[in-house]
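Here is the file structure-v9.txt (compact mmCIF, C-alpha atoms).
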# COMPACT_ATOMS: atom_id res chain seq x y z
CA MET U 291 -7.82 -85.36 62.11
CA LEU U 292 -4.79 -86.71 60.33
CA SER U 293 -2.64 -84.08 58.59
CA ILE U 294 -0.10 -85.60 56.28
CA ASP U 295 2.11 -84.36 53.45
CA ARG U 296 1.18 -85.16 49.88
CA SER U 297 4.65 -86.63 49.25
CA ILE U 298 4.17 -89.21 52.03
CA ILE U 299 0.68 -90.12 50.80
CA ASP U 300 2.03 -90.56 47.27
CA ALA U 301 4.77 -92.87 48.57
CA ILE U 302 2.26 -94.94 50.59
CA ILE U 303 0.01 -95.33 47.53
CA ALA U 304 3.03 -96.32 45.42
CA HIS U 305 3.95 -98.95 48.04
CA ALA U 306 0.39 -100.31 48.10
CA ARG U 307 0.30 -100.50 44.28
CA ARG U 308 3.69 -102.20 44.17
CA ASP U 309 2.62 -104.95 46.57
CA HIS U 310 -0.90 -105.36 45.13
CA PRO U 311 -2.61 -107.88 45.26
CA ASP U 312 -0.85 -108.60 48.56
CA GLU U 313 -1.53 -106.21 51.41
CA ALA U 314 1.18 -103.62 52.02
CA CYS U 315 1.96 -102.17 55.43
CA GLY U 316 4.22 -99.68 57.14
CA VAL U 317 4.69 -96.86 59.59
CA VAL U 318 5.11 -93.11 59.43
CA ALA U 319 7.14 -91.99 62.42
CA GLY U 320 7.15 -88.50 63.87
CA PRO U 321 8.52 -86.66 66.89
CA ALA U 322 6.92 -88.00 70.09
CA GLY U 323 3.88 -85.99 71.09
CA SER U 324 3.84 -83.94 67.87
CA ASP U 325 1.14 -85.93 66.03
CA LYS U 326 3.12 -85.11 62.87
CA PRO U 327 3.93 -87.94 60.47
CA VAL U 328 7.35 -87.23 59.01
CA ARG U 329 9.46 -90.33 58.34
CA LEU U 330 8.00 -93.04 56.12
CA ILE U 331 9.09 -96.60 56.92
CA PRO U 332 7.62 -99.20 54.53
CA MET U 333 7.59 -102.57 56.28
CA ASP U 334 7.60 -106.13 54.96
CA ASN U 335 4.31 -107.95 55.16
CA ALA U 336 5.58 -111.12 56.84
CA ALA U 337 2.23 -112.80 56.09
CA ARG U 338 2.58 -112.07 52.32
CA SER U 339 -1.15 -112.39 51.99
CA MET U 340 -3.95 -110.77 50.03
CA THR U 341 -6.13 -110.64 53.15
CA PHE U 342 -3.76 -110.34 56.08
CA TYR U 343 -0.71 -108.38 57.09
CA GLU U 344 1.75 -108.72 59.88
CA PHE U 345 4.96 -106.87 60.56
CA ASP U 346 8.05 -109.07 60.67
CA SER U 347 8.85 -109.26 64.39
CA MET U 348 12.59 -108.65 64.02
CA GLU U 349 12.10 -105.74 61.62
CA GLN U 350 9.55 -104.31 64.02
CA LEU U 351 11.99 -104.51 66.95
CA ARG U 352 14.65 -102.71 64.92
CA VAL U 353 12.26 -99.99 63.74
CA TRP U 354 10.64 -99.48 67.18
CA ARG U 355 14.09 -99.18 68.82
CA GLU U 356 15.16 -96.71 66.17
CA MET U 357 12.05 -94.62 66.87
CA ASP U 358 12.74 -94.81 70.60
CA ASP U 359 16.33 -93.66 70.08
CA ASN U 360 15.14 -90.77 67.88
CA ASP U 361 12.40 -89.78 70.34
CA GLU U 362 9.84 -90.67 67.73
CA GLU U 363 6.61 -92.63 67.85
CA PRO U 364 4.48 -94.41 65.26
CA VAL U 365 2.15 -91.55 64.28
CA VAL U 366 0.61 -93.45 61.38
CA ILE U 367 0.29 -97.21 60.90
CA TYR U 368 -0.86 -97.92 57.37
CA HIS U 369 -1.91 -100.94 55.40
CA SER U 370 -3.80 -101.68 52.24
CA HIS U 371 -6.93 -103.64 51.53
CA THR U 372 -6.65 -104.94 48.02
CA ALA U 373 -10.16 -106.17 47.29
CA THR U 374 -12.38 -104.45 49.85
CA GLU U 375 -13.11 -100.96 51.07
CA ALA U 376 -10.75 -98.97 53.26
CA TYR U 377 -12.57 -99.71 56.49
CA PRO U 378 -10.98 -101.59 59.41
CA SER U 379 -11.99 -105.23 59.54
CA ARG U 380 -12.69 -107.03 62.78
CA THR U 381 -9.15 -108.34 62.50
CA ASP U 382 -7.73 -104.82 62.36
CA VAL U 383 -9.71 -103.80 65.43
CA SER U 384 -8.70 -106.88 67.41
CA PHE U 385 -5.02 -106.39 66.82
CA ALA U 386 -4.74 -102.60 66.99
CA GLY U 387 -2.13 -102.12 69.71
CA GLU U 388 -1.12 -98.48 69.33
CA PRO U 389 -3.88 -96.29 70.80
CA GLY U 390 -2.00 -93.10 69.89
CA ALA U 391 -1.62 -93.95 66.21
CA HIS U 392 -3.70 -93.00 63.19
CA TYR U 393 -4.63 -96.21 61.37
CA LEU U 394 -4.52 -95.29 57.70
CA LEU U 395 -6.13 -97.64 55.21
CA VAL U 396 -5.64 -97.52 51.47
CA SER U 397 -7.86 -99.56 49.21
CA THR U 398 -6.34 -100.54 45.88
CA ARG U 399 -9.35 -102.49 44.64
CA GLU U 400 -9.96 -99.95 41.85
CA PRO U 401 -7.10 -100.01 39.33
CA ASP U 402 -6.90 -96.27 38.81
CA SER U 403 -8.16 -94.64 41.96
CA GLU U 404 -7.40 -95.12 45.61
CA GLU U 405 -9.66 -94.84 48.59
CA LEU U 406 -7.86 -93.40 51.59
CA ARG U 407 -9.35 -93.29 55.08
CA SER U 408 -8.02 -92.87 58.58
CA TYR U 409 -9.20 -94.19 61.93
CA ARG U 410 -8.43 -94.15 65.60
CA ILE U 411 -8.76 -97.54 67.22
CA VAL U 412 -8.85 -97.35 71.01
CA ASP U 413 -10.05 -100.19 73.25
CA GLY U 414 -11.69 -101.91 70.30
CA VAL U 415 -13.67 -98.82 69.28
CA VAL U 416 -13.17 -97.51 65.75
CA THR U 417 -13.60 -93.81 65.05
CA GLU U 418 -13.14 -92.46 61.55
CA GLU U 419 -11.40 -89.11 61.23
CA PRO U 420 -10.85 -86.69 58.37
CA VAL U 421 -7.60 -86.78 56.42
CA ARG U 422 -6.04 -83.49 55.42
CA ILE U 423 -3.42 -83.84 52.72
CA VAL U 424 -0.96 -81.01 52.92
CA GLU U 425 0.08 -79.87 49.47
CA PRO U 426 3.67 -78.76 49.04
CA THR U 427 2.95 -75.05 48.86
CA VAL U 428 4.36 -72.20 50.82
CA ASP U 429 2.26 -71.07 53.75
CA PRO U 430 1.60 -67.38 53.07
CA HIS U 431 1.15 -66.67 56.77
CA ALA U 432 4.44 -68.15 57.87
CA VAL U 433 7.28 -65.83 58.72
CA GLN U 434 9.88 -66.37 56.09
CA SER U 435 13.22 -65.06 55.09
CA TYR U 436 15.03 -65.77 51.90
CA MET U 437 18.62 -65.53 51.06
CA PHE U 438 19.72 -63.34 48.20
CA GLY U 439 18.79 -64.82 44.84
CA GLN U 440 16.14 -67.17 46.21
CA SER U 441 12.39 -67.08 46.12
CA PRO U 442 9.96 -69.52 47.76
CA THR U 443 9.80 -71.68 44.68
CA THR U 444 13.06 -71.19 42.84
CA VAL U 445 16.70 -70.70 43.53
CA ASP U 446 18.70 -68.52 41.17
CA TYR U 447 22.20 -69.83 41.18
CA GLU U 448 23.36 -66.94 39.09
CA CYS U 449 22.21 -63.36 39.11
CA SER U 450 20.48 -62.41 35.89
CA PRO U 451 22.37 -59.83 33.86
CA GLY U 452 21.19 -56.32 34.36
CA ARG U 453 19.58 -56.97 37.73
CA MET M 58 18.54 -110.55 89.66
CA ALA M 59 17.47 -107.45 87.79
CA ILE M 60 16.05 -107.53 84.31
CA GLU M 61 14.97 -104.37 82.55
CA VAL M 62 11.62 -104.70 80.82
CA ARG M 63 10.44 -102.18 78.23
CA ILE M 64 6.70 -101.70 78.28
CA PRO M 65 4.72 -100.63 75.19
CA THR M 66 2.37 -97.64 75.31
CA ILE M 67 -0.77 -99.77 75.40
CA LEU M 68 0.34 -101.59 78.57
CA ARG M 69 1.65 -98.59 80.48
CA THR M 70 -1.68 -98.25 82.26
CA TYR M 71 -0.47 -101.22 84.33
CA THR M 72 2.89 -99.66 85.18
CA GLY M 73 1.69 -96.21 86.19
CA GLY M 74 2.91 -94.83 82.88
CA ALA M 75 6.46 -96.18 83.25
CA LYS M 76 8.20 -96.96 79.94
CA SER M 77 10.48 -99.48 81.55
CA VAL M 78 10.35 -101.44 84.78
CA GLU M 79 12.59 -103.92 86.57
CA GLY M 80 11.71 -107.50 87.27
CA ALA M 81 13.31 -110.76 88.32
CA GLY M 82 13.17 -114.39 87.27
CA ASP M 83 15.32 -117.01 85.61
CA THR M 84 12.78 -117.71 82.87
CA LEU M 85 10.34 -115.50 80.98
CA SER M 86 7.49 -117.24 82.77
CA ALA M 87 8.99 -116.44 86.21
CA LEU M 88 9.65 -112.85 85.13
CA LEU M 89 6.02 -112.33 84.06
CA THR M 90 4.79 -113.77 87.36
CA ASP M 91 7.12 -111.43 89.24
CA LEU M 92 5.92 -108.44 87.20
CA ASP M 93 2.30 -109.38 87.77
CA SER M 94 2.85 -109.25 91.54
CA LYS M 95 3.84 -105.58 91.17
CA TYR M 96 1.71 -104.62 88.17
CA SER M 97 -1.44 -106.62 88.61
CA GLY M 98 -3.12 -107.70 85.38
CA LEU M 99 -0.07 -107.26 83.15
CA ARG M 100 0.55 -110.98 82.80
CA GLY M 101 -3.03 -111.60 81.68
CA ARG M 102 -2.48 -109.32 78.70
CA LEU M 103 0.45 -111.41 77.52
CA ILE M 104 -0.64 -114.96 78.30
CA THR M 105 -3.71 -116.72 76.92
CA GLU M 106 -6.22 -118.60 79.05
CA GLN M 107 -4.56 -121.79 77.85
CA GLY M 108 -1.31 -120.58 79.38
CA GLY M 109 0.61 -119.86 76.19
CA LEU M 110 2.09 -116.62 74.95
CA HIS M 111 -0.39 -114.50 72.99
CA ARG M 112 0.27 -114.86 69.28
CA PHE M 113 -0.05 -111.12 68.74
CA VAL M 114 2.36 -109.97 71.37
CA ASN M 115 6.06 -109.93 70.58
CA ILE M 116 8.49 -110.40 73.43
CA TYR M 117 12.23 -110.14 72.89
CA VAL M 118 15.15 -111.03 75.11
CA ASN M 119 17.95 -108.69 74.13
CA ASP M 120 17.76 -108.92 70.31
CA GLU M 121 15.96 -112.25 69.97
CA ASP M 122 12.28 -113.02 69.57
CA VAL M 123 11.41 -115.38 72.47
CA ARG M 124 9.60 -117.67 70.02
CA PHE M 125 13.07 -118.78 68.98
CA LEU M 126 14.25 -119.12 72.59
CA GLY M 127 11.65 -121.49 73.97
CA SER M 128 8.84 -118.99 74.44
CA LEU M 129 7.81 -118.83 78.13
CA ASP M 130 10.68 -121.18 79.02
CA ALA M 131 13.25 -118.77 77.61
CA LYS M 132 16.16 -118.49 80.04
CA LEU M 133 16.99 -115.10 81.49
CA ASN M 134 20.20 -113.81 83.01
CA ASP M 135 20.96 -110.85 85.21
CA GLY M 136 21.28 -107.74 83.08
CA ASP M 137 19.16 -109.02 80.19
CA ASN M 138 16.82 -106.59 78.50
CA VAL M 139 13.30 -107.70 77.74
CA THR M 140 11.18 -105.75 75.26
CA ILE M 141 7.43 -106.19 74.86
CA LEU M 142 5.77 -104.92 71.67
CA PRO M 143 2.21 -105.40 70.45
CA ALA M 144 2.48 -107.19 67.10
CA VAL M 145 1.23 -105.02 64.29
CA ALA M 146 -1.15 -107.13 62.26
CA GLY M 147 -4.56 -107.01 60.66
CA GLY M 148 -6.06 -107.15 57.25
CA ALA M 149 -9.24 -107.52 55.29
CA PHE M 150 -9.83 -111.13 56.18
CA GLY M 151 -12.35 -111.94 58.89
CA PHE M 152 -10.68 -112.42 62.23
CA ALA M 153 -11.94 -115.91 63.03
CA ALA M 154 -11.12 -117.15 59.55
CA ALA M 155 -7.63 -115.69 59.70
CA ALA M 156 -7.00 -117.23 63.09
CA ALA M 157 -8.28 -120.61 61.97
CA MET M 158 -6.25 -120.55 58.80
CA LEU M 159 -3.09 -119.57 60.61
CA GLY M 160 -3.73 -121.94 63.50
CA ARG M 161 -3.47 -119.17 66.02
CA SER M 162 -5.14 -118.30 69.25
CA THR M 163 -8.41 -116.48 68.72
CA ALA M 164 -8.05 -114.44 71.89
CA PRO M 165 -7.32 -110.90 70.73
CA VAL M 166 -4.91 -108.57 72.45
CA ARG M 167 -6.84 -105.58 73.65
Using structure tokens, write down the structure from this file.
Amino acid sequence: MLSIDRSIIDAIIAHARRDHPDEACGVVAGPAGSDKPVRLIPMDNAARSMTFYEFDSMEQLRVWREMDDNDEEPVVIYHSHTATEAYPSRTDVSFAGEPGAHYLLVSTREPDSEELRSYRIVDGVVTEEPVRIVEPTVDPHAVQSYMFGQSPTTVDYECSPGR
Amino acid sequence: MAIEVRIPTILRTYTGGAKSVEGAGDTLSALLTDLDSKYSGLRGRLITEQGGLHRFVNIYVNDEDVRFLGSLDAKLNDGDNVTILPAVAGGAFGFAAAAAMLGRSTAPVR
């Protein structure tokens, strides 16, 4: 299963819409071994195509080194299909080179709704997995402490009179 | 002549899990042959049956893509760093059609 924050999903969809009808692509990095996508890195589609995407090789080197230096890995590799469903094509399967990554596909073929699906691609075998979008709410079971004047959703910069 | 080679996750099965290995050679071609003698099968994942570099593998010498350095003939010097990355590519288009259109090798990297 892919668990990913709503804010990251929104940004990926915005990227896909911006580049439509060309395919958009990018990475969400996270701490190595955590399986947690945290840092969104939209990449250029060097192919600038409606049916094909390819990371720019120099940009990829820079981004992969940066991840290495930060002890991160590509947790999610995303791209959009702009006229077909969000299912990996034979091309996607052939070129999938990161067995540990979630391959997230966004279809922007409908103008006002997006199809979002995630896959593992290992040794040429595609396995779909559920996507859990984590809404930005406070986990009621987490141990929390708040500083004076703050609540989980608001910060009071001034104390109200009479409190 | 020692050259440090960074190995991507997908090829670490050949290097016993090592993220980086050392090799020798005065060209990229010689380096890959040297590596293959220690990590059998590695070269075959990077070179096509026709003997060229796979289109969907990126190899860099220091900060340069070897495609701009003469590909397999790229010269190497002691202390150089070589990085191998699987190209990230795909898309909705059928694979054969994409390869034909782009004039690229149809042998996929797996």
Shell of 6 Å around Arg399 (chain U), only C-alpha atoms, local chain residues under 2 positions omitted, as a list in words: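 After dropping sequence-adjacent residues, the list is Thr372, Ala373 and Ser397 of chain U.
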Expected file: the selected residues, C-alpha atoms, as a PDB file, in the frame of the given file:
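again.pdb, written as the output of this step:
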ATOM      1  CA  THR U 372      -6.650-104.940  48.020  1.00  0.00           C
ATOM      2  CA  ALA U 373     -10.160-106.170  47.290  1.00  0.00           C
ATOM      3  CA  SER U 397      -7.860 -99.560  49.210  1.00  0.00           C
TER       4      SER U 397
END
From M:Gln107, M:Asn115, M:Asn138, M:Ser128, residue lying nearest chain U [all atoms listed in the file]: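 Using all atoms listed in the file, the shortest distance to chain U belongs to M:Asn115.
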Contacts of Arg63 (chain M) at 8 Å (all atoms listed in the file; same-chain gap of 3+ positions) as a ChimeraX atom specification: /M:76-78,138-141
Straight-line distance linking CA of Arg355 (chain U) with CA of Phe125 (chain M), stated in Å to one decimal: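 Distance between the two atoms: 19.6 Å.
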Option closest in space to chain M, from U:Ser339, U:Ser408, U:Ser403, U:Thr398 [counting only C-alpha atoms]: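 Checking each of U:Ser339, U:Ser408, U:Ser403, U:Thr398 against chain M, counting only C-alpha atoms, the winner is U:Ser339.
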Contact residues around region 81-92 of chain M with all atoms listed in the file at 7 Å, ignoring same-chain residues under 3 positions, as JSON, numbers by chain: {"M": [58, 59, 60, 95, 96, 100, 129, 130, 131, 132, 133, 134]}
CA of Ile298 (chain U) to CA of Glu425 (chain U), straight-line distance in Å: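 Straight-line distance from CA of Glu425 (chain U) to CA of Ile298 (chain U) works out to 10.5 Å.
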Non-local contacts of Glu418 (chain U) (10 Å; all atoms listed in the file; under 4 positions in same chain excluded) as a list in words: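 These residues fall inside the cut-off: Met291, Tyr377, Pro378, His392, Tyr393, Leu394, Arg407, Ser408, Tyr409, Arg410 and Ile411 of chain U.
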Polymer residues at most 10 Å from Gln350 (chain U), all atoms listed in the file, same-chain spacing of 3 or more positions, as number ranges by chain: U: 316-317, 333-334, 344-347, 353-356; M: 115, 142-145
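Nearest to Gly147 (chain M) of all the residues M:Gly73, M:Glu79, M:Phe113, M:Ile104 is M:Phe113, counting only C-alpha atoms.
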